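*Asks:* Sharing a structure below in structure tokens format, with a few things to ask.
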Amino acid sequence: MIAEQLAANIIYGLLLGGVYGLATMGLSLIFGVLRVVNVGHGAFIMVGAFTAFWMFTLYSIPPLASIVVAVIVGLAMGFVVFMTIIRRLLDAPELSTLLATFGIGVFIEELSKFFWGPDYVGYSWDIGGISLPFTELPFTKLYAFGSSIVIAALLYVWFSRTKLGKAIRAVVEDKEGAMVCGINVNMVYALSFAIGIALTVTSGVLVTLFTPVGINVYMGGDYTLKAFVIAVLGGLGSPWGAFYAGFIFGLLENGSYTLLGLIPGVEPFGLTRFVSFTALLLILLLKPTGLLGGE
Amino acid sequence: MLKVSKLESGYGEMQVLWGVDLEVKEKSITTVLGPNGAGKSTTLKAIFGIISPWNGMVEYFGEDVTKTPPHKKVEMGITMVPEGRHLFPNMTVEDNLLMGAYLSRAEEKFEDSLELVYTLFPRLKEREEQKAGTLSGGEQQMLAIGRALMTSPNLILMDEPSQGLAPKLVKEVFETIYKLKEEGLTILLVEQNVFSSLDISDYAYVLHEGKIAFGGSVDEIKESEDIKKAYLGV
Amino acid sequence: MFKFKSLIIPFAIYIILIAIGLSQPGLWQPIMYIMFYIGIGVALNNFMGLTGYVDFGYVAFLAMGAYGMGVALGYFTYLGIWAIPLGFVLALIFAALLCTAVGGVALRLRGAYFAIATIGVNEGLRYLIEGAKIWGGSEGIILSGKLRKTFGPEFANYLSTFVADAALIIIIFIASVITVYMINSRVGYALLAVREDEDAAKVMGINVTKYKLIAFFTSATIGAMIGASAWTLKLTYVFPEDVFFIHYTVEAIVIVMLGGAGTLLGPVVGGLIYGALKYYLSVILPGFQLLVFAPLLLVIVVAFPEGVVGFVKKKLQERGIIEYIT
Amino acid sequence: MLLKLENVTKRFGGLVAVNKLDLEVEEGEALGIVGPNGSGKTTLYNLISGVYIPDEGKIIFEGKDITNLPPHKRAPLGLARTFQIPRPFGSASVRENVAIGAMFGRAHAGVDEALEMADEYLKIVGIYELRNKEAKLLTPLEKKLMELARALAMKPKLLLLDELLAGMNPKDIDKIIDLIKRVKEEENIAVVSMVEHLMHAITKFAERVVVMHQGRKLLEGPTIEVLNHPEVIEVYLGGRVV
Amino acid sequence: AQQPEEKPTTTTPAATPTGPKEETLYFGAPISLSGKFAKEGQMSLWGMQVAAQWINENGGIKVGNKVYKVEIKYYDDESKKESVQSLIERLATVDKVKFILAPYSSGLTMAAAPIAEKYGVLMNSHGGASDYIFEQGYYYVVQTLSPASKYQTGFLDMVKTLDPDAKRLALVYEDKEFSRAVHQAAKEYAEKLGFEIVYEKTYPAGTTDLSPILNELKAANPDVLIGGGHFADGQLLAQQLAELNINIKAISILVAPSLPAFYEALGTKAEGISAPAQWETGVKYSPEVAEKLGVEWYGPTQEEFIKMFKDLAGEDAEPSYHVAEAAAAVLSYAKAIEKAQSTDVDRVREAMNDLEFMCVYGMWSIDPETGKQVGHDMVIIQWQNEEKKIVWPESAANAKPCYPMPTWDEKAEGKTCGS
Ligand SMILES: Nc1ncnc2c1ncn2[C@@H]1O[C@H](COP(=O)(O)OP(=O)(O)OP(=O)(O)O)[C@@H](O)[C@H]1O
Ligand SMILES: Nc1ncnc2c1ncn2[C@@H]1O[C@H](COP(=O)(O)OP(=O)(O)OP(=O)(O)O)[C@@H](O)[C@H]1O
Ligand SMILES: [Mg+2]
Ligand SMILES: [Mg+2]
């Protein structure tokens, strides 16, 4: 009985972890390249969630297809935000971008509320699932997971195989060095920011595949928090680290539940959060720069 | 080939260059000497575009490139070996060189450039797989020059390439620079090592408080005791 | 002493604010609202501004303070009036305990790793309290009834409408003095070095851990005092969801950055701008204030990336008045 | 004996940066340390100042074993250094930078006293007029001079200079060497150890020279003698210099 | 800022040529138009405005020879306690408002109480349900909505009536003060009714995956489930019950199902799911019913109410119970003021003690001592055939309960509660 539930929770944890991972990669990428801590991260996830919602509700476009829309929306938003604000702050003290992204996040939320209202919306894309002996696995969640993996893999290939991907790495390592190689540093910044935001918005779509309800303009806060933690766990600035860390976090969150349930007189679900956040600290104690963090 | 006229620039509100004029002839080595803080590095940075010129003009083969951003300059065949090397420390030696050939113009000549670099610096070939950050100072300097060569440049701006190198390496670096000239490259060199740089240069300028205090052929400088005393402390 | 010249402007600001609050109808709470923001700015600045470390989990210290007071008033109500000083003591103790735990673990981390690890501390602690049902778990501690029964409704009200505010004001005054003292003492210089280059600071003979802990501890305990007074005493309840709300940390960081980190005047001006702007916008444009507030904030960041006070300081670099601005 | 290193080794992964090194530094001497790039000179300084802890061996300072002492406990004993790549406290003023040295080094001055000392040392190194400037705005040279003032203000017994003169104008080099020599006498700094690649500077300053090569001590002895040794010429100088 | 001038404050005389003296009476409201309660805040504001409009169009509030027109003076509290306190004070002093409509949620109401008390203003809670607010001894805080302890009890009564054999009850709810209060009270009540509690677990706020709990719940095999907490998690609970194919005979979820968005989000999955509501469109409160019960009717009829709401909020908007409860709070002030024939806070509060009336929202009367709402009854709604129907209590119902609800598989094939 307990074994079955544990198995179910582990599977769910892994699925959830995949989405967490993707939802963090954008944050990590932006930090890695631009040293910008995007406090407004969750607002972009929210935009992605609403993209999926509107595409489905207005045009009956299945959420998987609206990933394409999300990428476009994300690139556009990223580009605009970079050009209007972030670009002006690159030479300013590191933390001023934190202030800026806070403002951007609030602005996006409030603007969304202005247009879309404060409702908690959702959509039903019922496409069945797989029945396992101990639980049910809806296809939507499997798709969310699959898409995360595919997107992460595509990004990996793009990063390691294309010139532009390498240029991004070069800029991260040494800006002036990149300049003398003929790399357009500003373009790389703009592009990385835009890709980071596009990833985040896309992950917002996948989040709704996982949780197609409760979509609201303020939904991003919890994701921001988790994304921060996962980003650090994976090693800041390392999108791949973030991806792995997503799995660990998802697993801890869901997987520890069954065991905590054995303790009498507590709320095991609440304590899973305690466990996952404590695990973060322990891991950082052993490896102060996260799993894949450099020096 | 490169003509700089009345160049003014600085940092924030502080002006450092107060009208620098200089000229670099094709296939020559031109050295800029001068005391610390005179604005030598600033001049190179302003020419290359790392900081923007406030006033004046930079011409490259007669074309106005004053406002051209660095990556476009590299495209046109200008590159720089910056002070402090600015390598990609976590990339291997090979990858650093690869990044040098980032632009397609350079990529086409990748094989040739790489061969040139490895013949000039056999040490780099030996350390191909080592991370740039763990190289010794001298090796790093070689790599910085090598990476610049990979952009298949016509003109290289070099900022104190011999700084911090062991005497043996200093010699090698100057020899290398000389060889580069023989290969048909043009070099604008900033140095503190007065004697060695004058030895290999064709033309020299002395920069003092953001202005050119002297410019001419190397022989002229060598002959002028005044200049040596006043600006070079030798 | 000349060092304390830089207290003149902040104290003048406080006194003017208080005077406005006392003389203008309906402005006392708004002023306290602004003072609260100034308070968390000054408190966080004592750590963040002086060491350069960002603590995203900072609100946990306010929470510890809130719980300290909550536990004293909720579980030791029989002590009568003495429960209040006990509350402050417990606030200090809880904050110090958390400080030791976090300091021992997280302060070994650098930069953004530290910043975000502290989120883990904050969230972990919150879910521990909720999950293990400590101090009432998610139901929190509700005090109004107890206070009213123990002290009578008059005095209970007096506690949350006067004593709490007075305590906050006193805390802010003391915190400001501490800040100026720290900045001008060996501690301040040590922290300046730590902020700029921790490794070089060590070689200079600075016991980096010690000074970081001093700043951390100071900032944490001031935060706890604010939590005890501005939250528990004033609101008469403690809910974990509320006191561990990370938004407060973000606001505090924003205030410090807005004004200028590492200066005393910075968070004061930051809190003033932040609080006043938000209050008046919510009065003039209810429902749309954040839509206006956010772009305003962005304009300020782009115009003064080093904070308003940082900018002014730079402009006044060579003038005599600079001595008054720290 | 002021400083004694016994069989000190430091590894980075597979690389042995400092290899079974023995080194003794007498009180009152002016020592030069030279060697090819990557021969372990900076690493040696990092070991002495406590930035790294050796993998093997012992470091003894004034008879006290400081091998495992953290850096902040070494400085008050009388150790001070400059960095090869300057590490100023960027947003602090030049004066504050130097004062920090005076406060936490062996001088252990109070705040006011330290600020006065800072002025004094800034005058000595000749950048007094820059004292209110933010340190990060200095030129590399000025940063080096500030680091020298900062190290001197610590009132060290042993001063470790790491390529202080690199990139300096020949005219200034002579001035700085004179200055260090003078301060060394006046301030009773027992020893100055200097790492440089500039041979005219080394010959002008050092009484004794240690040559490092691949983490080991290749040779040591009186300056002129060592610099003329064929092995040194072979691995380091590449030709006769003096 | 686009509005340079602040609106005139206090009771400014309106320009009326003749007749009784007309004045404007401001009711003050700190309201959550941003932050986590933005949705409820917006709904409540509309409710207040509808009620004020109705009062003004129907002769205002008559006190002596004066006629008061009502206007709602509101500010956005961003769902934050610090703001609430400032705004209460501003309302009490600058705007000289004596009658406050409390902010949304119990926590914010608690934060407001000491300040309100200090300035001697009356505070009427239309969105703070928790019982503890009224156990603290605040005399000037009164309640219009039914307290938390009553939320899930009606549903349990209903199940017990429908199927005395459905004994296995499970509770799955959000670990927050409000839902805890609701479900603790419900649990006690259930035990009294003879239910067997087969499963009880909470989940933390902000959860996006309930599967760990639901996998366990499935094994517990309950007949009846009560739970939820707020909008997002309530929707999620239903969604994941469907995904995991956990069939239960009757489900009541707090808050979420009472909004149309619930059905829009879940589609047929919402069929048969119930929720407690303070009010619902179609509930049978009318002047006639009032007459039958011998209580006074006050305020718009349901048709009027909904029409006025739609005029204000837009044709597509559906009033949630927040609209009605906020409107009722406004009406209760008006009624009490008329009864007291004074705008004096103490006299009005006293008048409230034995005030009893019915409005579109239902009955209104409070416990004189604590101010707690005792007159009002909750209703149970259930989604049936794409519509929200009132199924309990029988006196208010406009449909029969659909019991047991269709299984998830049946629903997936399109079966609804009507078909
Ligand atoms: N990044 C910078 N920010 C502000 N000021 C700078 C910066 N870099 C240089 N300066 C200022 O510009 C002036 C000229 O500096 P520059 O580096 O060009 O001199 P230089 O001739 O190259 O000296 P050196 O021989 O020491 O390299 C100096 O006074 C310095 O203070
Ligand atoms: N932190 C480190 N991690 C890995 N390798 C290191 C580290 N520090 C130094 N090294 C390596 O140790 C060797 C010795 O370096 P060190 O800096 O001591 O040389 P050096 O004698 O000071 O050279 P230079 O004259 O160029 O400054 C070099 O090969 C260097 O790459
Ligand atoms: Mg230079
Ligand atoms: Mg070195």
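Residue names in the structure tokens use chain letters A, B, ... in the order shown, residue numbers from 1 in each chain, and ligand numbers from 1 in the order shown.
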Mind checking which residues fall within 9 Å of range 128-141 of chain E, counting only C-alpha atoms, ignoring those fewer than 5 positions away in the same chain, and posting them as a PyMOL selection string?

*Replies:* (chain C and resi 142-149+153) or (chain E and resi 102-110+113-114+116-117+120-123+146-149+177-178+181-182+345-346+349+368-372)

*Asks:* Got a sec to pull out which chain C residues are within 6 Å of chain D, counting only C-alpha atoms, and send them as a PyMOL selection string?

*Replies:* chain C and resi 193+196+202-207

*Asks:* Let me see if you get this right: every residue at most 7 Å from ligand 3, counting only C-alpha atoms and all ligand atoms, written as JSON, numbers by chain.

*Replies:* {"B": [36, 37, 39, 40, 41, 83, 159]}

*Asks:* Could you check the closest approach to Val208 in chain C for each of C:Gly70, C:Ala117, C:Arg108, C:Gly26 and tell me which residue wins, using only C-alpha atoms?

*Replies:*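 Using only C-alpha atoms, Val208 in chain C sits closest to C:Arg108.
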
*Asks:* List as a PyMOL selection string the protein and nucleic acid residues near Tyr298 in chain E, meaning an atom at most 10 Å away when only C-alpha atoms are counted, but skip any in the same chain fewer than 3 places from it.

*Replies:* chain E and resi 55+286-287+290+295+301+328+331-332+334-335+357-360
